[in-house]
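Enquirer: Quick one, my_file21.cif (mmCIF, C-alpha atoms):
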```cif
data_query
#
loop_
_atom_site.label_atom_id
_atom_site.label_comp_id
_atom_site.auth_asym_id
_atom_site.auth_seq_id
_atom_site.Cartn_x
_atom_site.Cartn_y
_atom_site.Cartn_z
CA MET A 1044 51.97 -108.74 -63.60
CA ASN A 1045 54.74 -106.18 -63.36
CA VAL A 1046 58.26 -107.42 -62.73
CA THR A 1047 61.54 -105.52 -62.38
CA LEU A 1048 64.42 -107.17 -64.23
CA LYS A 1049 68.07 -106.69 -63.35
CA TYR A 1050 71.11 -107.76 -65.36
CA PHE A 1051 74.70 -107.85 -64.17
CA ALA A 1052 78.25 -108.24 -65.51
CA SER A 1053 78.51 -110.07 -68.89
CA VAL A 1054 74.71 -110.48 -69.08
CA ARG A 1055 74.24 -106.71 -68.58
CA GLU A 1056 76.85 -105.93 -71.24
CA ALA A 1057 75.35 -108.32 -73.81
CA ILE A 1058 71.79 -107.03 -73.30
CA GLY A 1059 72.98 -103.43 -73.24
CA GLN A 1060 71.16 -102.27 -70.12
CA GLY A 1061 71.25 -102.90 -66.36
CA GLY A 1062 67.55 -103.53 -66.02
CA GLU A 1063 64.02 -102.92 -67.24
CA SER A 1064 60.39 -103.18 -66.15
CA VAL A 1065 58.24 -105.73 -67.92
CA ASN A 1066 54.61 -106.76 -67.84
CA THR A 1067 54.55 -110.54 -68.09
CA SER A 1068 52.06 -113.40 -68.09
CA ALA A 1069 54.80 -115.77 -66.90
CA THR A 1070 54.24 -117.28 -63.46
CA THR A 1071 57.73 -118.68 -62.83
CA VAL A 1072 61.29 -117.44 -63.25
CA GLN A 1073 61.89 -120.09 -65.92
CA ALA A 1074 58.81 -119.02 -67.92
CA LEU A 1075 59.98 -115.41 -67.69
CA ARG A 1076 63.45 -116.42 -68.93
CA ASP A 1077 61.77 -118.24 -71.86
CA GLU A 1078 59.81 -115.08 -72.70
CA LEU A 1079 63.05 -113.10 -72.80
CA ILE A 1080 64.77 -115.77 -74.94
CA ALA A 1081 61.84 -115.52 -77.38
CA ARG A 1082 62.79 -111.88 -78.00
CA GLY A 1083 65.80 -113.24 -79.91
CA GLY A 1084 69.08 -111.39 -80.41
CA ALA A 1085 71.31 -110.87 -77.39
CA TYR A 1086 68.56 -112.07 -75.02
CA ALA A 1087 68.34 -115.44 -76.79
CA GLU A 1088 72.10 -115.81 -76.84
CA VAL A 1089 73.00 -114.82 -73.31
CA LEU A 1090 70.02 -116.45 -71.53
CA ALA A 1091 70.01 -119.65 -73.66
CA HIS A 1092 69.43 -122.91 -71.84
CA GLY A 1093 72.71 -124.57 -71.03
CA ARG A 1094 74.44 -121.23 -70.46
CA ALA A 1095 75.76 -120.79 -66.93
CA VAL A 1096 73.23 -118.14 -65.89
CA ARG A 1097 72.43 -117.62 -62.22
CA MET A 1098 69.01 -116.28 -61.23
CA ALA A 1099 67.68 -114.50 -58.15
CA LEU A 1100 64.14 -113.66 -57.06
CA ASP A 1101 63.86 -110.67 -54.73
CA GLN A 1102 67.62 -110.79 -54.13
CA VAL A 1103 67.77 -114.47 -53.12
CA VAL A 1104 69.31 -117.07 -55.44
CA CYS A 1105 66.57 -119.24 -56.95
CA ASP A 1106 65.98 -121.86 -59.61
CA GLY A 1107 63.55 -121.76 -62.51
CA SER A 1108 60.62 -123.06 -60.48
CA ALA A 1109 60.52 -119.95 -58.24
CA VAL A 1110 57.06 -118.33 -58.43
CA LEU A 1111 56.74 -114.69 -59.49
CA ARG A 1112 54.68 -112.15 -57.53
CA GLU A 1113 53.36 -108.72 -58.51
CA GLY A 1114 56.16 -106.19 -58.15
CA CYS A 1115 58.92 -108.75 -57.63
CA GLU A 1116 62.54 -108.32 -58.75
CA VAL A 1117 64.21 -110.96 -60.92
CA ALA A 1118 67.93 -110.87 -61.70
CA PHE A 1119 69.99 -112.75 -64.28
CA PHE A 1120 73.77 -112.85 -63.97
CA PRO A 1121 76.82 -115.05 -64.71
CA PRO A 1122 78.58 -117.18 -62.07
CA VAL A 1123 79.93 -114.93 -59.32
CA THR A 1124 83.66 -114.18 -59.04
CA GLY A 1125 84.19 -112.07 -55.94
CA GLY A 1126 86.61 -112.55 -53.08
CA MET B 140 80.33 -104.35 -32.85
CA SER B 141 79.18 -107.86 -33.65
CA PHE B 142 78.41 -108.97 -37.20
CA ASN B 143 78.98 -106.29 -39.80
CA VAL B 144 79.44 -106.09 -43.55
CA SER B 145 80.61 -103.17 -45.68
CA ILE B 146 80.68 -102.91 -49.46
CA GLN B 147 82.79 -99.89 -50.36
CA THR B 148 85.06 -98.33 -52.97
CA GLN B 149 87.53 -96.91 -50.45
CA ASP B 150 90.45 -98.78 -48.89
CA PHE B 151 90.42 -99.97 -45.27
CA ASP B 152 92.90 -100.31 -42.41
CA VAL B 153 93.29 -103.93 -41.27
CA SER B 154 94.79 -103.00 -37.91
CA GLN B 155 91.92 -100.63 -37.09
CA GLU B 156 89.37 -103.24 -38.10
CA LEU B 157 90.95 -105.94 -35.90
CA THR B 158 91.13 -103.57 -32.93
CA ALA B 159 87.49 -102.54 -33.32
CA LEU B 160 86.25 -106.10 -33.78
CA ARG B 161 87.42 -107.27 -30.35
CA ALA B 162 87.14 -103.96 -28.47
CA GLY B 163 85.34 -104.31 -25.13
CA ASP B 164 84.92 -108.08 -25.37
CA ALA B 165 87.18 -109.81 -22.82
CA ARG B 166 85.77 -113.23 -23.73
CA VAL B 167 87.86 -113.10 -26.90
CA GLY B 168 91.05 -115.18 -26.93
CA ALA B 169 91.45 -115.58 -30.69
CA VAL B 170 91.12 -113.33 -33.71
CA CYS B 171 91.52 -114.83 -37.16
CA SER B 172 91.47 -112.84 -40.39
CA PHE B 173 91.86 -113.25 -44.13
CA LEU B 174 92.94 -110.52 -46.53
CA GLY B 175 92.52 -110.94 -50.28
CA THR B 176 94.57 -108.73 -52.61
CA VAL B 177 94.78 -108.12 -56.36
CA ARG B 178 97.38 -110.33 -58.08
CA GLU B 179 99.46 -109.01 -61.00
CA ARG B 180 98.76 -112.21 -62.98
CA ASN B 181 95.64 -114.33 -63.52
CA ASP B 182 95.10 -117.29 -65.86
CA GLY B 183 98.42 -116.62 -67.61
CA SER B 184 97.93 -112.91 -68.31
CA ALA B 185 99.27 -109.75 -66.75
CA VAL B 186 96.51 -107.84 -64.97
CA ALA B 187 96.81 -104.05 -65.24
CA SER B 188 93.61 -103.34 -63.30
CA MET B 189 90.21 -104.78 -62.52
CA GLU B 190 86.69 -103.47 -62.14
CA LEU B 191 84.51 -105.06 -59.47
CA GLU B 192 80.74 -104.97 -59.93
CA HIS B 193 78.11 -106.15 -57.44
CA TYR B 194 74.36 -106.40 -56.92
CA PRO B 195 73.53 -103.73 -54.32
CA GLY B 196 71.07 -105.08 -51.79
CA MET B 197 71.55 -108.75 -52.60
CA THR B 198 75.26 -108.56 -51.76
CA GLU B 199 74.59 -107.34 -48.23
CA LYS B 200 71.74 -109.86 -47.77
CA SER B 201 73.80 -112.81 -48.94
CA ILE B 202 76.73 -111.93 -46.68
CA ALA B 203 74.40 -111.40 -43.69
CA ALA B 204 72.96 -114.87 -44.41
CA MET B 205 76.41 -116.43 -44.46
CA MET B 206 77.28 -114.76 -41.16
CA ASP B 207 74.09 -116.23 -39.64
CA GLU B 208 75.15 -119.64 -40.90
CA ALA B 209 78.66 -119.19 -39.46
CA GLN B 210 77.18 -118.30 -36.07
CA LYS B 211 75.12 -121.50 -36.10
CA ARG B 212 78.09 -123.65 -37.00
CA PHE B 213 80.87 -122.15 -34.89
CA ASP B 214 81.18 -120.72 -31.41
CA ILE B 215 82.18 -117.22 -32.49
CA TYR B 216 81.61 -113.78 -30.94
CA ALA B 217 81.95 -111.33 -33.80
CA ALA B 218 82.69 -111.17 -37.50
CA ARG B 219 83.51 -108.46 -39.99
CA VAL B 220 83.42 -108.61 -43.80
CA ILE B 221 84.62 -105.79 -46.06
CA HIS B 222 84.53 -106.12 -49.84
CA ARG B 223 85.70 -103.37 -52.16
CA VAL B 224 84.06 -102.60 -55.51
CA GLY B 225 85.01 -100.34 -58.41
CA LEU B 226 88.45 -99.90 -59.96
CA LEU B 227 91.34 -101.81 -58.31
CA HIS B 228 94.99 -102.41 -59.16
CA PRO B 229 97.60 -105.10 -58.35
CA GLU B 230 98.55 -105.10 -54.64
CA ASP B 231 95.26 -103.37 -53.67
CA GLN B 232 93.24 -104.90 -50.85
CA ILE B 233 89.96 -106.42 -52.13
CA VAL B 234 88.35 -108.45 -49.38
CA PHE B 235 88.72 -108.77 -45.61
CA VAL B 236 87.13 -111.33 -43.32
CA ALA B 237 87.79 -111.40 -39.56
CA VAL B 238 86.28 -113.49 -36.77
CA THR B 239 86.70 -113.59 -32.99
CA SER B 240 86.24 -116.53 -30.63
CA ALA B 241 87.47 -117.83 -27.27
CA HIS B 242 89.89 -120.34 -28.82
CA ARG B 243 91.66 -120.39 -32.17
CA GLY B 244 89.98 -123.42 -33.73
CA GLU B 245 86.56 -121.83 -34.03
CA SER B 246 87.75 -118.56 -35.56
CA PHE B 247 90.15 -120.29 -37.99
CA GLN B 248 87.31 -122.47 -39.22
CA ALA B 249 84.68 -119.73 -39.34
CA CYS B 250 87.03 -117.44 -41.27
CA GLU B 251 87.67 -120.08 -43.93
CA PHE B 252 83.98 -120.99 -44.05
CA LEU B 253 83.00 -117.35 -44.63
CA MET B 254 85.53 -116.94 -47.45
CA ASP B 255 84.51 -120.22 -49.13
CA TYR B 256 80.88 -119.15 -48.91
CA LEU B 257 81.54 -115.66 -50.22
CA LYS B 258 83.48 -116.90 -53.27
CA THR B 259 80.51 -118.80 -54.70
CA GLN B 260 77.42 -117.15 -53.18
CA ALA B 261 77.95 -113.39 -52.94
CA PRO B 262 77.05 -111.50 -56.16
CA PHE B 263 80.37 -109.90 -57.15
CA TRP B 264 81.94 -109.99 -60.61
CA LYS B 265 85.51 -109.14 -61.64
CA LYS B 266 86.49 -107.75 -65.03
CA GLU B 267 90.23 -107.69 -65.66
CA VAL B 268 92.17 -105.46 -68.01
CA THR B 269 95.01 -107.46 -69.63
CA PRO B 270 97.31 -106.86 -72.66
CA GLU B 271 94.83 -109.03 -74.64
CA GLY B 272 91.96 -106.74 -73.67
CA ALA B 273 89.32 -106.62 -70.94
CA ARG B 274 87.74 -109.92 -69.89
CA TRP B 275 85.30 -111.19 -67.29
CA VAL B 276 86.94 -113.56 -64.82
CA ASP B 277 85.69 -117.18 -65.00
CA ALA B 278 84.27 -118.88 -61.93
CA ARG B 279 86.37 -121.80 -60.69
CA VAL B 280 85.16 -125.35 -60.05
CA SER B 281 87.66 -125.47 -57.16
CA ASP B 282 85.65 -122.76 -55.37
CA ASP B 283 82.48 -124.88 -55.56
CA GLN B 284 84.52 -127.80 -54.22
CA ALA B 285 85.81 -125.66 -51.36
CA LEU B 286 82.25 -124.95 -50.19
CA ALA B 287 81.28 -128.61 -50.63
CA ARG B 288 83.77 -129.47 -47.87
CA TRP B 289 81.38 -127.72 -45.47
CA GLY B 290 78.46 -129.83 -46.67
CA ILE B 291 76.99 -127.08 -48.83
CA GLU B 292 76.37 -127.89 -52.48
CA ALA B 293 77.36 -125.09 -54.85
CA HIS B 294 76.86 -125.00 -58.60
CA ASN B 295 78.20 -121.54 -59.25
CA SER B 296 80.74 -122.48 -61.92
CA THR B 297 78.55 -124.84 -63.95
CA ALA B 298 75.38 -124.52 -66.01
CA PRO B 299 72.21 -125.54 -64.16
#
```
Turn the structure described in the file into structure tokens.
Expert:
Amino acid sequence: MNVTLKYFASVREAIGQGGESVNTSATTVQALRDELIARGGAYAEVLAHGRAVRMALDQVVCDGSAVLREGCEVAFFPPVTGG
Amino acid sequence: MSFNVSIQTQDFDVSQELTALRAGDARVGAVCSFLGTVRERNDGSAVASMELEHYPGMTEKSIAAMMDEAQKRFDIYAARVIHRVGLLHPEDQIVFVAVTSAHRGESFQACEFLMDYLKTQAPFWKKEVTPEGARWVDARVSDDQALARWGIEAHNSTAP
């Protein structure tokens, strides 16, 4: 299925782009993250397990078990620091 | 005017905002507000400027959700949140939260609740420029603890 990826702040800088469209066989956010980690390089480093990476599915914070849908938007970003 | 959020680069006028928030509502007997500004020092370094980034769309949704939650918890009439993004300097206004209610207790509490919620749940990120170079600001455990006081578990500052 087609998924829109978005990256913000330090994750965006490390990966070198603010987003991309991917065609994935992953069914959950965690499986999608694992696919990206498997690319190696900056993806593997910045999305590694144990790193404080927040995730959102269709603009709502989620955990790795969230189920992907055709055309959904998944975002990866560091802990938030507004206010 | 009831429950409104603005994400903007431009500055805002606190007095105008407070006047507008309670205009035409004679039930209001209390207005409580919080204003956050850019400090000249953070974590031991001088801050020359900062760049605020956000997640357009999710930011507005997450703040609307926190206003819904505030309405459920407190007897309030109106609320206003403004958060600036882009390039900011020490002394600049960053964030404004204001709430109206009949009596002070409810608006004091709702205002603090909204700020505690925003600190750990709204997708904003600060990057500071210091003499040592530019750096992303770290999330604080104390902000997660502040939200926990309201019975909401937050794990913003720690790995999952």
Enquirer: For the PyMOL selection byres ((chain A) within 6 of (chain B)), applied here, can you spell out every residue it catches as a list in words?
Expert: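 On the file shown, the PyMOL selection byres ((chain A) within 6 of (chain B)) covers Gly1093, Arg1094, Ala1095, Gln1102, Pro1122, Val1123, Thr1124, Gly1125 and Gly1126 of chain A.
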Enquirer: Applied to the shown file, which residues does the PyMOL selection byres ((chain A and resi 1049-1062) around 8) return, written as a PDB file with C-alpha atoms, in the frame of the given file?
Expert:
```pdb
ATOM      1  CA  THR A1047      61.540-105.520 -62.380  1.00  0.00           C
ATOM      2  CA  LEU A1048      64.420-107.170 -64.230  1.00  0.00           C
ATOM      3  CA  GLU A1063      64.020-102.920 -67.240  1.00  0.00           C
ATOM      4  CA  SER A1064      60.390-103.180 -66.150  1.00  0.00           C
ATOM      5  CA  ALA A1085      71.310-110.870 -77.390  1.00  0.00           C
ATOM      6  CA  TYR A1086      68.560-112.070 -75.020  1.00  0.00           C
ATOM      7  CA  VAL A1089      73.000-114.820 -73.310  1.00  0.00           C
ATOM      8  CA  LEU A1090      70.020-116.450 -71.530  1.00  0.00           C
ATOM      9  CA  GLU A1116      62.540-108.320 -58.750  1.00  0.00           C
ATOM     10  CA  VAL A1117      64.210-110.960 -60.920  1.00  0.00           C
ATOM     11  CA  ALA A1118      67.930-110.870 -61.700  1.00  0.00           C
ATOM     12  CA  PHE A1119      69.990-112.750 -64.280  1.00  0.00           C
ATOM     13  CA  PHE A1120      73.770-112.850 -63.970  1.00  0.00           C
ATOM     14  CA  PRO A1121      76.820-115.050 -64.710  1.00  0.00           C
TER      15      PRO A1121
ATOM     16  CA  GLU B 192      80.740-104.970 -59.930  1.00  0.00           C
ATOM     17  CA  HIS B 193      78.110-106.150 -57.440  1.00  0.00           C
ATOM     18  CA  TYR B 194      74.360-106.400 -56.920  1.00  0.00           C
ATOM     19  CA  TRP B 264      81.940-109.990 -60.610  1.00  0.00           C
ATOM     20  CA  TRP B 275      85.300-111.190 -67.290  1.00  0.00           C
TER      21      TRP B 275
END
```
Enquirer: What is the distance, in Å and to one decimal place, between atom CA of B:Gly272 and atom CA of A:Arg1097?
Expert: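 Distance between the two atoms: 25.1 Å.
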Enquirer: Expressed in Å to a single decimal, how great is the separation between atom CA of B:His242 and atom CA of B:Val170?
Expert: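 Separation between atom CA of B:His242 and atom CA of B:Val170: 8.6 Å.
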Enquirer: Hey, what comes out of the PyMOL selection byres ((chain B and resi 289) around 12) on this file? Could you write it as a list in words?
Expert: Glu208, Ala209, Arg212, Phe213, Gln248, Ala249, Glu251, Phe252, Leu253, Met254, Asp255, Tyr256, Asp282, Asp283, Gln284, Ala285, Leu286, Ala287, Arg288, Gly290, Ile291, Glu292 and Ala293 of chain B
Enquirer: Quick one: distance from atom CA of A:Val1110 to atom CA of A:Asn1066 in Å, one decimal?
Expert: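 Distance reported for this atom pair: 15.1 Å.
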Enquirer: Could you check the closest approach to A:Val1096 for each of A:Leu1111, A:Gln1073, A:Gly1084, A:Thr1067 and tell me which residue wins, using only C-alpha atoms?
Expert: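 Smallest separation from A:Val1096 among the options: A:Gln1073.
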Enquirer: Quick one: residues within 10 Å of B:Ala241, all atoms listed in the file, excluding same-chain residues fewer than 5 positions away - as a tab-separated table (two decimals) with C-alpha atoms, in the coordinates of the input?
Expert:
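Done, and the output landed in part35.tsv:
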```tsv
chain	number	residue	atom	x	y	z
B	165	ALA	CA	87.18	-109.81	-22.82
B	166	ARG	CA	85.77	-113.23	-23.73
B	167	VAL	CA	87.86	-113.10	-26.90
B	168	GLY	CA	91.05	-115.18	-26.93
B	169	ALA	CA	91.45	-115.58	-30.69
B	170	VAL	CA	91.12	-113.33	-33.71
B	214	ASP	CA	81.18	-120.72	-31.41
B	215	ILE	CA	82.18	-117.22	-32.49
B	216	TYR	CA	81.61	-113.78	-30.94
B	246	SER	CA	87.75	-118.56	-35.56
```
Enquirer: Which residues are close to A:Asp1106, i.e. within 8 Å by all atoms listed in the file, leaving aside same-chain residues fewer than 6 positions away? Reply as a list in words.
Expert: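 Selected residues are Val1072, Gln1073, Met1098 and Ala1099 of chain A.
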Enquirer: Atoms to include: C-alpha atoms. Write the selected residues as a CSV table (one decimal), in the frame of the given file.
Expert:
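Result file follows (again-v1.csv):
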```csv
chain,number,residue,atom,x,y,z
A,1072,VAL,CA,61.3,-117.4,-63.2
A,1073,GLN,CA,61.9,-120.1,-65.9
A,1098,MET,CA,69.0,-116.3,-61.2
A,1099,ALA,CA,67.7,-114.5,-58.2
```
